[in-house]
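> Have a look at the structure that comes next, please.
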Amino acid sequence: MKKPKKVRRYCPYCKKHTIQKVSLYSSMKHRGTLKWGSIERAKKRGRGVGKGNLGRWGSKPAVGKWKRKTKTTKKTNLAYTCSVCGKTKQQKKGKRAGKMMLEQK
Ligand SMILES: [Zn+2]
């Protein structure tokens, strides 16, 4: 699914139509969160770098058959930033799409 990068739509803060920048929220960029004992933190500490089998700090274990994903598409999560007031509003309902891309325009 392709979407334009800039779109003219209603801004509830300006109470009129303005040109708004479309940006995509993406999740799961990093492995785990920055919780205590998380692998992401351990990596920042310097663990899991180097050669060979890294064990606990290495790659993720194989996904079990019962843990496999059932859904092949995700709902999009877009944010619209107003060019006049600079406020951002999230889209209300996401549409299902395999991949969301923002077109340059
Ligand atoms: Zn606005």
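Order determines the names: the first chain of the structure tokens is A, the second B, and so forth; residues in each chain are numbered 1 upward, and ligands are numbered 1 upward as they are shown.
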Residues within 12 Å of ligand 1, counting only C-alpha atoms and all ligand atoms: report them as JSON, numbers by chain.
{"A": [8, 9, 10, 11, 12, 13, 14, 15, 16, 17, 18, 19, 20, 21, 80, 81, 82, 83, 84, 85, 86, 87, 88, 89]}
> Could you give me the residues within stretch 48-79 of chain A that DSSP places in strand (DSSP E), as a compact mmCIF listing (two decimals) with N, CA and C atoms, in the first residue's frame?

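What follows is the written file states.txt:
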```
# COMPACT_ATOMS: atom_id res chain seq x y z
N LYS A 74 -0.51 -6.34 8.89
CA LYS A 74 -0.71 -5.56 10.10
C LYS A 74 -1.51 -4.32 9.75
N LYS A 75 -2.15 -3.79 10.76
CA LYS A 75 -2.86 -2.54 10.54
C LYS A 75 -1.86 -1.40 10.59
N LEU A 78 -0.52 5.44 11.31
CA LEU A 78 -0.02 6.67 10.71
C LEU A 78 -0.19 7.85 11.66
N ALA A 79 0.71 8.80 11.50
CA ALA A 79 0.61 10.03 12.26
C ALA A 79 0.61 11.20 11.29
```
> Go through A:Thr70, A:Lys35, A:Gly58, A:Met101 and flag the residue nearest A:Ser23, using only C-alpha atoms for the distances.
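Using only C-alpha atoms, the shortest distance to A:Ser23 belongs to A:Met101.
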> Nearest to A:Gly37: which of A:Val7, A:Trp57, A:Leu24, A:Gly52 is it, counting only C-alpha atoms?
A:Trp57
> Give the alpha helix (DSSP H) residues of stretch 11-99 of chain A, as DSSP finds them on the backbone, and put them as JSON, numbers by chain.
{"A": [39, 40, 41, 42, 43, 44, 45]}
> Mind pulling up the distance from atom CA of A:Lys92 to atom CA of A:Leu34?
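A separation of 28.3 Å between them.
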> What does the structure give for the distance between atom CA of A:Lys93 and atom CA of A:Thr76, in Å to one decimal?
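One can read the atom CA of A:Lys93 to atom CA of A:Thr76 distance as 8.3 Å.
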> What is the atom CA of A:Val22-atom CA of A:Asn77 distance in Å, reported with one decimal?
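It comes out at 10.3 Å.
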> Can you pull out every residue within 9 Å of A:Gly48, counting only C-alpha atoms, but drop anything in the same chain fewer than 4 positions away, and send it as a ChimeraX atom specification?
/A:39,42-43,54-58
